[in-house]
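Student: Once you've had a glance at the structure underneath, I'll fire off some questions.
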Amino acid sequence: MNLTDEKYSKYALVREMMDTIDVVKNFNPEQTKDVAEKIKSVGRLLLTGEGSSRIFPAKNAIRKALTMGLDLCIATDGSRQSAQYDLLKFAVFCASNSGRTKEVVLLAKKLAELGNKYRFALSANKGTLLENACTETFILTCGWEQAVAATKSVIEQALFYESILVHIANKNDANIYSELAKKIETALILPIDPSIIEAATKAPTIYFAGYNDGVAEELTLKTNEITRKKSDFLEGTYAVHGIEEVMDENDIVFVIDPIDDEIEKFQDVLVKGVGLHVVAIANRETPFTTILVPDAGENNPYVYLSAGWNLLVEIGLALGIDLDKPERARKVGNEFIG
């Protein structure tokens, strides 16, 4: 995938994916310094939103916080479910790029009515209904995306939440972003083996397996939006705990950063048992066909997600899909009117 070929550059989706490089390179972690102190004082944080505004940004933050051993309770759920919780003792971040997502706006309004003063908004637009319902709003620098499938905003939202954690842990390092941007660029432009693309285009279902950190789950959603193919997210070892009963040998499973101790089980159940194609996206060679990306250490999830975007663009183009115009999916899934 590259912008020098009109085959790719004519699509807003591809241009916005490539915009991610500068979004990461220019990210300012200092913007969250003050809000990090507020969240630290509360000790509990809920990250909510719908679809891509929540899946990777929130789950990546949860995995990072647990890995870092932070004394901070972080949870995530969709806004409707979150509205059923007692959130008076939580700081709540409501993410909506449009600032008009109905479920998110209604939750923010409910929190205001209950007197929760720690309600924050993360959006790509200013002067929105969500901003009016929150005590403080942060605006993404990436701007409003033209393609239906969110990309660069997902990465910036994740960096935003993660920078809060880094401030709380007193481990902030502004120098990481330029290096991470280079590795994301490599993942976005690396050539994908044509045999992988061919297998994916012929697969009845495309599966993504891996950690519950939002990467595989977000790529599952993007598969629907970009390739129009059926897909499923198989968290952890879900792929070898029953679903093999209904898998087709023509299906394909992309395993994100496979855990070494689980590889043999995946080989036995999926490759030998079902007979389907398993491909890894990893920073090292694996026994599976491997899409090899540069090692970014604890920031590997950003690189894996970018490589997945690259993969899905190639699949979509091979299928003759208009990457910018889904037939049914909308930019704002459920817009607040009124």
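In the structure tokens, chains take the letters A, B, ... in the order shown, each chain's residues start at 1, and ligands count up from 1 in the order shown.
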Which residues of segment 196-263 of chain A have any atom within 10 Å of an atom in segment 40-53 of chain A when counting only C-alpha atoms, and what is the closest pair of atoms for each, with the distance in Å to one decimal? Order the rows by chain and rising number and write it as a Markdown table.
Tutor:
| residue | atom | partner | partner_atom | distance |
| --- | --- | --- | --- | --- |
| A:Gly214 | CA | A:Ser52 | CA | 9.2 |
| A:Glu217 | CA | A:Ser52 | CA | 9.5 |
| A:Glu218 | CA | A:Ser52 | CA | 6.6 |
| A:Leu219 | CA | A:Ser52 | CA | 9.7 |
| A:Leu221 | CA | A:Ser52 | CA | 8.0 |
| A:Lys222 | CA | A:Ser52 | CA | 8.8 |
Student: Just the residues within 12 Å of Leu190 of chain A, please, counting only C-alpha atoms, with nothing from its chain fewer than 3 positions along; format it as a PyMOL selection string.
Tutor: chain A and resi 1-2+183-187+193+291-294+303+306-311+314
Student: Give the alpha helix (DSSP H) residues of segment 106-331 of chain A, as DSSP finds them on the backbone, and put them as a compact mmCIF listing (two decimals) with N, CA, C and O atoms, in the first residue's frame.
Tutor:
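Output saved as selection.txt:
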# COMPACT_ATOMS: atom_id res chain seq x y z
N LEU A 106 -26.15 10.64 25.34
CA LEU A 106 -27.13 10.39 26.40
C LEU A 106 -26.47 9.97 27.70
O LEU A 106 -26.92 10.35 28.79
N LEU A 107 -25.40 9.19 27.62
CA LEU A 107 -24.69 8.81 28.84
C LEU A 107 -24.08 10.04 29.51
O LEU A 107 -24.17 10.20 30.73
N ALA A 108 -23.45 10.91 28.71
CA ALA A 108 -22.84 12.12 29.27
C ALA A 108 -23.90 13.00 29.93
O ALA A 108 -23.66 13.57 31.01
N LYS A 109 -25.06 13.10 29.30
CA LYS A 109 -26.14 13.89 29.89
C LYS A 109 -26.60 13.28 31.21
O LYS A 109 -26.87 14.00 32.18
N LYS A 110 -26.67 11.96 31.27
CA LYS A 110 -27.08 11.30 32.51
C LYS A 110 -26.06 11.55 33.62
O LYS A 110 -26.42 11.83 34.77
N LEU A 111 -24.78 11.47 33.28
CA LEU A 111 -23.73 11.73 34.27
C LEU A 111 -23.82 13.15 34.80
O LEU A 111 -23.59 13.40 35.99
N ALA A 112 -24.14 14.08 33.91
CA ALA A 112 -24.30 15.48 34.33
C ALA A 112 -25.46 15.63 35.30
O ALA A 112 -25.35 16.32 36.32
N GLU A 113 -26.56 14.96 34.99
CA GLU A 113 -27.73 15.03 35.87
C GLU A 113 -27.45 14.43 37.24
O GLU A 113 -27.99 14.88 38.26
N LEU A 114 -26.58 13.43 37.28
CA LEU A 114 -26.24 12.78 38.54
C LEU A 114 -25.18 13.54 39.33
O LEU A 114 -24.91 13.20 40.48
N LEU A 129 -22.74 18.36 20.71
CA LEU A 129 -23.64 17.99 21.79
C LEU A 129 -22.90 17.30 22.92
O LEU A 129 -23.20 17.51 24.10
N LEU A 130 -21.93 16.49 22.56
CA LEU A 130 -21.14 15.79 23.58
C LEU A 130 -20.32 16.77 24.40
O LEU A 130 -20.25 16.67 25.63
N GLU A 131 -19.71 17.73 23.73
CA GLU A 131 -18.92 18.74 24.44
C GLU A 131 -19.80 19.51 25.42
O GLU A 131 -19.39 19.80 26.55
N ASN A 132 -21.01 19.82 25.01
CA ASN A 132 -21.92 20.57 25.88
C ASN A 132 -22.30 19.79 27.13
O ASN A 132 -22.63 20.38 28.16
N ALA A 133 -22.25 18.44 27.04
CA ALA A 133 -22.66 17.61 28.16
C ALA A 133 -21.51 17.22 29.08
O ALA A 133 -21.75 16.63 30.14
N LYS A 152 -7.03 6.69 11.40
CA LYS A 152 -6.07 7.52 12.13
C LYS A 152 -6.62 7.99 13.46
O LYS A 152 -5.86 8.15 14.44
N SER A 153 -7.92 8.20 13.56
CA SER A 153 -8.51 8.63 14.83
C SER A 153 -8.39 7.54 15.89
O SER A 153 -8.22 7.82 17.08
N VAL A 154 -8.47 6.28 15.47
CA VAL A 154 -8.36 5.16 16.40
C VAL A 154 -6.98 5.16 17.06
O VAL A 154 -6.86 4.98 18.28
N ILE A 155 -5.95 5.37 16.25
CA ILE A 155 -4.59 5.41 16.77
C ILE A 155 -4.40 6.59 17.71
O ILE A 155 -3.82 6.46 18.79
N GLU A 156 -4.91 7.77 17.33
CA GLU A 156 -4.73 8.94 18.18
C GLU A 156 -5.49 8.79 19.50
O GLU A 156 -4.99 9.18 20.56
N GLN A 157 -6.68 8.23 19.45
CA GLN A 157 -7.43 8.00 20.68
C GLN A 157 -6.66 7.07 21.62
O GLN A 157 -6.60 7.28 22.84
N ALA A 158 -6.07 6.02 21.05
CA ALA A 158 -5.31 5.06 21.86
C ALA A 158 -4.08 5.73 22.47
O ALA A 158 -3.76 5.51 23.65
N LEU A 159 -3.38 6.54 21.69
CA LEU A 159 -2.21 7.26 22.21
C LEU A 159 -2.63 8.21 23.32
O LEU A 159 -1.92 8.37 24.33
N PHE A 160 -3.79 8.85 23.15
CA PHE A 160 -4.29 9.80 24.14
C PHE A 160 -4.51 9.10 25.48
O PHE A 160 -4.02 9.54 26.52
N TYR A 161 -5.25 8.00 25.45
CA TYR A 161 -5.51 7.27 26.70
C TYR A 161 -4.22 6.73 27.32
O TYR A 161 -4.02 6.78 28.53
N GLU A 162 -3.35 6.22 26.45
CA GLU A 162 -2.11 5.65 26.98
C GLU A 162 -1.23 6.72 27.62
O GLU A 162 -0.54 6.47 28.61
N SER A 163 -1.26 7.93 27.07
CA SER A 163 -0.45 9.01 27.65
C SER A 163 -0.92 9.36 29.05
O SER A 163 -0.13 9.79 29.90
N ILE A 164 -2.21 9.18 29.32
CA ILE A 164 -2.73 9.39 30.68
C ILE A 164 -2.07 8.40 31.63
O ILE A 164 -1.61 8.76 32.73
N LEU A 165 -1.99 7.16 31.21
CA LEU A 165 -1.38 6.12 32.04
C LEU A 165 0.09 6.40 32.29
O LEU A 165 0.60 6.21 33.40
N VAL A 166 0.76 6.85 31.25
CA VAL A 166 2.19 7.13 31.36
C VAL A 166 2.44 8.27 32.34
O VAL A 166 3.40 8.25 33.12
N HIS A 167 1.59 9.30 32.32
CA HIS A 167 1.72 10.39 33.29
C HIS A 167 1.52 9.89 34.71
O HIS A 167 2.26 10.26 35.63
N ILE A 168 0.52 9.05 34.88
CA ILE A 168 0.24 8.50 36.22
C ILE A 168 1.42 7.68 36.72
O ILE A 168 1.77 7.71 37.90
N ALA A 169 2.08 6.97 35.80
CA ALA A 169 3.23 6.13 36.16
C ALA A 169 4.54 6.90 36.19
O ALA A 169 5.58 6.34 36.53
N ILE A 176 9.45 8.67 21.99
CA ILE A 176 9.03 7.38 21.41
C ILE A 176 8.19 7.56 20.15
O ILE A 176 8.12 6.65 19.32
N TYR A 177 7.56 8.71 19.99
CA TYR A 177 6.56 8.86 18.94
C TYR A 177 7.16 8.90 17.53
O TYR A 177 6.59 8.34 16.59
N SER A 178 8.31 9.53 17.38
CA SER A 178 8.91 9.59 16.05
C SER A 178 9.38 8.20 15.62
O SER A 178 9.25 7.83 14.44
N GLU A 179 9.90 7.42 16.55
CA GLU A 179 10.35 6.07 16.22
C GLU A 179 9.16 5.16 15.93
O GLU A 179 9.19 4.35 14.99
N LEU A 180 8.10 5.31 16.71
CA LEU A 180 6.90 4.51 16.48
C LEU A 180 6.29 4.84 15.12
O LEU A 180 5.83 3.96 14.40
N ALA A 181 6.30 6.12 14.75
CA ALA A 181 5.76 6.55 13.46
C ALA A 181 6.48 5.86 12.30
O ALA A 181 5.85 5.43 11.32
N LYS A 182 7.79 5.70 12.41
CA LYS A 182 8.57 5.03 11.36
C LYS A 182 8.16 3.57 11.23
O LYS A 182 8.05 3.04 10.12
N LYS A 183 7.93 2.93 12.35
CA LYS A 183 7.59 1.50 12.32
C LYS A 183 6.15 1.29 11.82
O LYS A 183 5.86 0.30 11.15
N ILE A 184 5.28 2.23 12.15
CA ILE A 184 3.92 2.18 11.61
C ILE A 184 3.96 2.34 10.09
O ILE A 184 3.26 1.64 9.35
N GLU A 185 4.79 3.26 9.60
CA GLU A 185 4.92 3.45 8.16
C GLU A 185 5.39 2.17 7.48
O GLU A 185 4.86 1.77 6.43
N THR A 186 6.38 1.52 8.08
CA THR A 186 6.87 0.26 7.52
C THR A 186 5.75 -0.77 7.43
O THR A 186 5.60 -1.47 6.41
N ALA A 187 4.94 -0.85 8.48
CA ALA A 187 3.83 -1.82 8.49
C ALA A 187 2.77 -1.48 7.45
O ALA A 187 2.14 -2.38 6.89
N LEU A 188 2.58 -0.21 7.19
CA LEU A 188 1.55 0.22 6.24
C LEU A 188 1.95 -0.04 4.79
O LEU A 188 1.09 -0.24 3.93
N ILE A 189 3.24 -0.01 4.50
CA ILE A 189 3.68 -0.11 3.10
C ILE A 189 4.33 -1.45 2.76
O ILE A 189 4.67 -1.68 1.60
N PRO A 194 1.09 -12.29 -2.15
CA PRO A 194 -0.15 -12.45 -2.93
C PRO A 194 -0.94 -13.72 -2.59
O PRO A 194 -2.16 -13.74 -2.71
N SER A 195 -0.24 -14.77 -2.15
CA SER A 195 -0.95 -16.01 -1.81
C SER A 195 -1.83 -15.82 -0.58
O SER A 195 -2.88 -16.47 -0.46
N ILE A 196 -1.41 -14.94 0.32
CA ILE A 196 -2.23 -14.64 1.50
C ILE A 196 -3.49 -13.90 1.07
O ILE A 196 -4.59 -14.21 1.53
N ILE A 197 -3.32 -12.94 0.19
CA ILE A 197 -4.46 -12.16 -0.30
C ILE A 197 -5.44 -13.06 -1.04
O ILE A 197 -6.66 -12.99 -0.83
N GLU A 198 -4.92 -13.94 -1.87
CA GLU A 198 -5.79 -14.85 -2.63
C GLU A 198 -6.58 -15.75 -1.69
O GLU A 198 -7.79 -15.96 -1.89
N ALA A 199 -5.91 -16.29 -0.67
CA ALA A 199 -6.59 -17.18 0.27
C ALA A 199 -7.69 -16.43 1.02
O ALA A 199 -8.78 -16.97 1.25
N ALA A 200 -7.41 -15.19 1.37
CA ALA A 200 -8.39 -14.39 2.11
C ALA A 200 -9.60 -14.03 1.25
O ALA A 200 -10.73 -14.02 1.73
N THR A 201 -9.37 -13.74 -0.01
CA THR A 201 -10.49 -13.38 -0.89
C THR A 201 -11.42 -14.57 -1.11
O THR A 201 -12.61 -14.39 -1.35
N LYS A 202 -10.89 -15.78 -1.03
CA LYS A 202 -11.69 -16.98 -1.26
C LYS A 202 -12.32 -17.52 0.02
O LYS A 202 -13.16 -18.42 -0.03
N VAL A 215 -6.77 -5.07 19.19
CA VAL A 215 -6.20 -5.12 17.84
C VAL A 215 -6.97 -6.10 16.96
O VAL A 215 -7.50 -5.72 15.90
N ALA A 216 -7.04 -7.36 17.36
CA ALA A 216 -7.74 -8.36 16.55
C ALA A 216 -9.22 -8.04 16.43
O ALA A 216 -9.83 -8.23 15.37
N GLU A 217 -9.81 -7.52 17.50
CA GLU A 217 -11.23 -7.18 17.48
C GLU A 217 -11.52 -6.02 16.54
O GLU A 217 -12.49 -6.04 15.77
N GLU A 218 -10.65 -5.01 16.57
CA GLU A 218 -10.82 -3.87 15.67
C GLU A 218 -10.63 -4.28 14.22
O GLU A 218 -11.35 -3.82 13.33
N LEU A 219 -9.68 -5.17 13.95
CA LEU A 219 -9.47 -5.64 12.59
C LEU A 219 -10.65 -6.48 12.10
O LEU A 219 -10.96 -6.49 10.91
N THR A 220 -11.32 -7.15 13.02
CA THR A 220 -12.53 -7.89 12.66
C THR A 220 -13.61 -6.93 12.16
O THR A 220 -14.26 -7.17 11.14
N LEU A 221 -13.80 -5.82 12.88
CA LEU A 221 -14.76 -4.80 12.44
C LEU A 221 -14.34 -4.21 11.10
O LEU A 221 -15.16 -4.04 10.20
N LYS A 222 -13.05 -3.90 10.97
CA LYS A 222 -12.56 -3.31 9.72
C LYS A 222 -12.71 -4.26 8.55
O LYS A 222 -12.88 -3.84 7.40
N THR A 223 -12.65 -5.56 8.81
CA THR A 223 -12.86 -6.55 7.74
C THR A 223 -14.26 -6.39 7.16
O THR A 223 -14.44 -6.43 5.93
N ASN A 224 -15.24 -6.21 8.02
CA ASN A 224 -16.62 -6.00 7.55
C ASN A 224 -16.71 -4.73 6.71
O ASN A 224 -17.31 -4.72 5.62
N GLU A 225 -16.13 -3.65 7.20
CA GLU A 225 -16.26 -2.34 6.55
C GLU A 225 -15.46 -2.25 5.26
O GLU A 225 -15.90 -1.62 4.29
N ILE A 226 -14.27 -2.85 5.24
CA ILE A 226 -13.35 -2.67 4.11
C ILE A 226 -13.49 -3.76 3.05
O ILE A 226 -13.44 -3.49 1.85
N THR A 227 -13.66 -5.01 3.48
CA THR A 227 -13.70 -6.10 2.51
C THR A 227 -15.11 -6.64 2.26
O THR A 227 -15.32 -7.40 1.32
N ASP A 260 3.72 -18.00 22.20
CA ASP A 260 4.52 -19.17 21.85
C ASP A 260 3.96 -20.47 22.43
O ASP A 260 3.93 -21.50 21.76
N ASP A 261 3.50 -20.41 23.67
CA ASP A 261 3.00 -21.61 24.33
C ASP A 261 1.68 -22.11 23.74
O ASP A 261 1.24 -23.23 24.06
N GLU A 262 1.03 -21.31 22.91
CA GLU A 262 -0.25 -21.70 22.33
C GLU A 262 -0.14 -22.12 20.86
O GLU A 262 -1.10 -22.62 20.28
N ILE A 263 1.02 -21.93 20.27
CA ILE A 263 1.19 -22.19 18.84
C ILE A 263 0.94 -23.65 18.49
O ILE A 263 0.25 -23.96 17.51
N GLU A 264 1.47 -24.57 19.28
CA GLU A 264 1.30 -26.00 18.99
C GLU A 264 -0.18 -26.39 18.98
O GLU A 264 -0.62 -27.15 18.12
N LYS A 265 -0.95 -25.84 19.93
CA LYS A 265 -2.38 -26.14 19.99
C LYS A 265 -3.10 -25.61 18.75
O LYS A 265 -3.95 -26.30 18.17
N PHE A 266 -2.74 -24.41 18.31
CA PHE A 266 -3.33 -23.84 17.10
C PHE A 266 -3.00 -24.71 15.89
O PHE A 266 -3.85 -24.93 15.01
N ASN A 300 4.00 -2.46 20.20
CA ASN A 300 3.71 -3.37 19.08
C ASN A 300 2.24 -3.35 18.63
O ASN A 300 1.97 -3.47 17.44
N PRO A 301 1.26 -3.23 19.55
CA PRO A 301 -0.13 -3.25 19.09
C PRO A 301 -0.44 -2.23 18.00
O PRO A 301 -1.23 -2.50 17.09
N TYR A 302 0.17 -1.04 18.06
CA TYR A 302 -0.06 -0.02 17.03
C TYR A 302 0.47 -0.50 15.68
O TYR A 302 -0.15 -0.24 14.63
N VAL A 303 1.59 -1.18 15.70
CA VAL A 303 2.20 -1.67 14.46
C VAL A 303 1.39 -2.84 13.89
O VAL A 303 1.16 -2.92 12.68
N TYR A 304 0.93 -3.72 14.76
CA TYR A 304 0.10 -4.84 14.30
C TYR A 304 -1.20 -4.35 13.67
O TYR A 304 -1.64 -4.87 12.65
N LEU A 305 -1.81 -3.35 14.29
CA LEU A 305 -3.05 -2.79 13.76
C LEU A 305 -2.80 -2.19 12.37
O LEU A 305 -3.58 -2.38 11.44
N SER A 306 -1.70 -1.48 12.22
CA SER A 306 -1.37 -0.85 10.94
C SER A 306 -1.12 -1.89 9.85
O SER A 306 -1.55 -1.73 8.70
N ALA A 307 -0.43 -2.98 10.21
CA ALA A 307 -0.20 -4.05 9.25
C ALA A 307 -1.53 -4.70 8.84
O ALA A 307 -1.73 -5.07 7.68
N GLY A 308 -2.45 -4.81 9.80
CA GLY A 308 -3.77 -5.34 9.50
C GLY A 308 -4.53 -4.46 8.53
O GLY A 308 -5.23 -4.96 7.63
N TRP A 309 -4.42 -3.15 8.69
CA TRP A 309 -5.06 -2.23 7.74
C TRP A 309 -4.52 -2.48 6.34
O TRP A 309 -5.27 -2.53 5.36
N ASN A 310 -3.20 -2.56 6.24
CA ASN A 310 -2.53 -2.80 4.96
C ASN A 310 -3.09 -4.07 4.31
O ASN A 310 -3.46 -4.08 3.13
N LEU A 311 -3.17 -5.12 5.10
CA LEU A 311 -3.71 -6.40 4.64
C LEU A 311 -5.13 -6.25 4.11
O LEU A 311 -5.46 -6.73 3.02
N LEU A 312 -5.98 -5.57 4.86
CA LEU A 312 -7.39 -5.45 4.49
C LEU A 312 -7.59 -4.60 3.24
O LEU A 312 -8.48 -4.87 2.44
N VAL A 313 -6.77 -3.59 3.07
CA VAL A 313 -6.84 -2.79 1.84
C VAL A 313 -6.54 -3.66 0.63
O VAL A 313 -7.24 -3.61 -0.39
N GLU A 314 -5.50 -4.48 0.75
CA GLU A 314 -5.13 -5.36 -0.37
C GLU A 314 -6.24 -6.37 -0.67
O GLU A 314 -6.54 -6.65 -1.84
N ILE A 315 -6.87 -6.89 0.37
CA ILE A 315 -7.98 -7.84 0.17
C ILE A 315 -9.16 -7.13 -0.49
O ILE A 315 -9.76 -7.64 -1.45
N GLY A 316 -9.48 -5.94 0.01
CA GLY A 316 -10.59 -5.18 -0.54
C GLY A 316 -10.40 -4.85 -2.01
O GLY A 316 -11.32 -5.00 -2.83
N LEU A 317 -9.20 -4.41 -2.35
CA LEU A 317 -8.92 -4.07 -3.75
C LEU A 317 -8.97 -5.32 -4.63
O LEU A 317 -9.45 -5.26 -5.77
N ALA A 318 -8.47 -6.43 -4.11
CA ALA A 318 -8.49 -7.68 -4.89
C ALA A 318 -9.92 -8.13 -5.16
O ALA A 318 -10.20 -8.78 -6.17
Student: I need the residue nearest Thr151 of chain A from this list: A:Phe56, A:Phe27, A:Phe233, A:Phe208. Use only C-alpha atoms for the distance.
Tutor: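 Closest to Thr151 of chain A, using only C-alpha atoms: A:Phe56.
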Student: Quick one, how far is atom CA of Lys7 of chain A from atom CA of Gln146 of chain A?
Tutor: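 One can read the atom CA of Lys7 of chain A to atom CA of Gln146 of chain A distance as 17.8 Å.
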Student: Counting only C-alpha atoms, which of A:Asn172, A:Asn212, A:Ser79, A:Asn283 gets nearest to Asn28 of chain A?
Tutor: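 Checking each candidate against Asn28 of chain A, we get A:Asn172 as the closest.
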Student: Using only C-alpha atoms, which residue out of A:Ala150, A:Cys73, A:Leu88, A:Ala83 lies closest to Val105 of chain A?
Tutor: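 When distances to Val105 of chain A are compared using only C-alpha atoms, the smallest one comes from A:Ala83.
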Student: Between atom CA of Ile321 of chain A and atom CA of Leu3 of chain A, what distance in Å does the model show, to one decimal?
Tutor: 17.9 Å
Student: Which residue, A:Thr20, A:Asn60, A:Gln81, A:Thr32, has the smallest gap to Thr137 of chain A when you use only C-alpha atoms?
Tutor: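 Distance minimum relative to Thr137 of chain A lands on A:Thr32.
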Student: So, counting only C-alpha atoms, which residue among A:Ala91, A:Arg54, A:Lys64, A:Leu122 is closest to Thr76 of chain A?
Tutor: A:Arg54
Student: In segment 99-253 of chain A, what's strand (DSSP E) per DSSP? Answer as a list in words?
Tutor: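 The strand (DSSP E) residues within segment 99-253 of chain A come out as Arg119, Phe120, Ala121, Leu122, Ser123, Glu136, Thr137, Phe138, Ile139, Thr205, Ile206, Tyr207, Phe208, Ala209, Gly210, Lys230, Ser231, Asp232, Phe233, Leu234, Glu235, Ile252 and Val253 of chain A.
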Student: Could you jot down the atom CA of Glu6 of chain A to atom CA of Ile206 of chain A separation for me, Å, one decimal place?
Tutor: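 One can read the atom CA of Glu6 of chain A to atom CA of Ile206 of chain A distance as 27.1 Å.
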Student: Using only C-alpha atoms, can you tell me which of A:Glu136, A:Glu145, A:Asp248, A:Asp71 comes closest to Phe93 of chain A?
Tutor: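 Counting only C-alpha atoms, the residue closest to Phe93 of chain A is A:Glu136.
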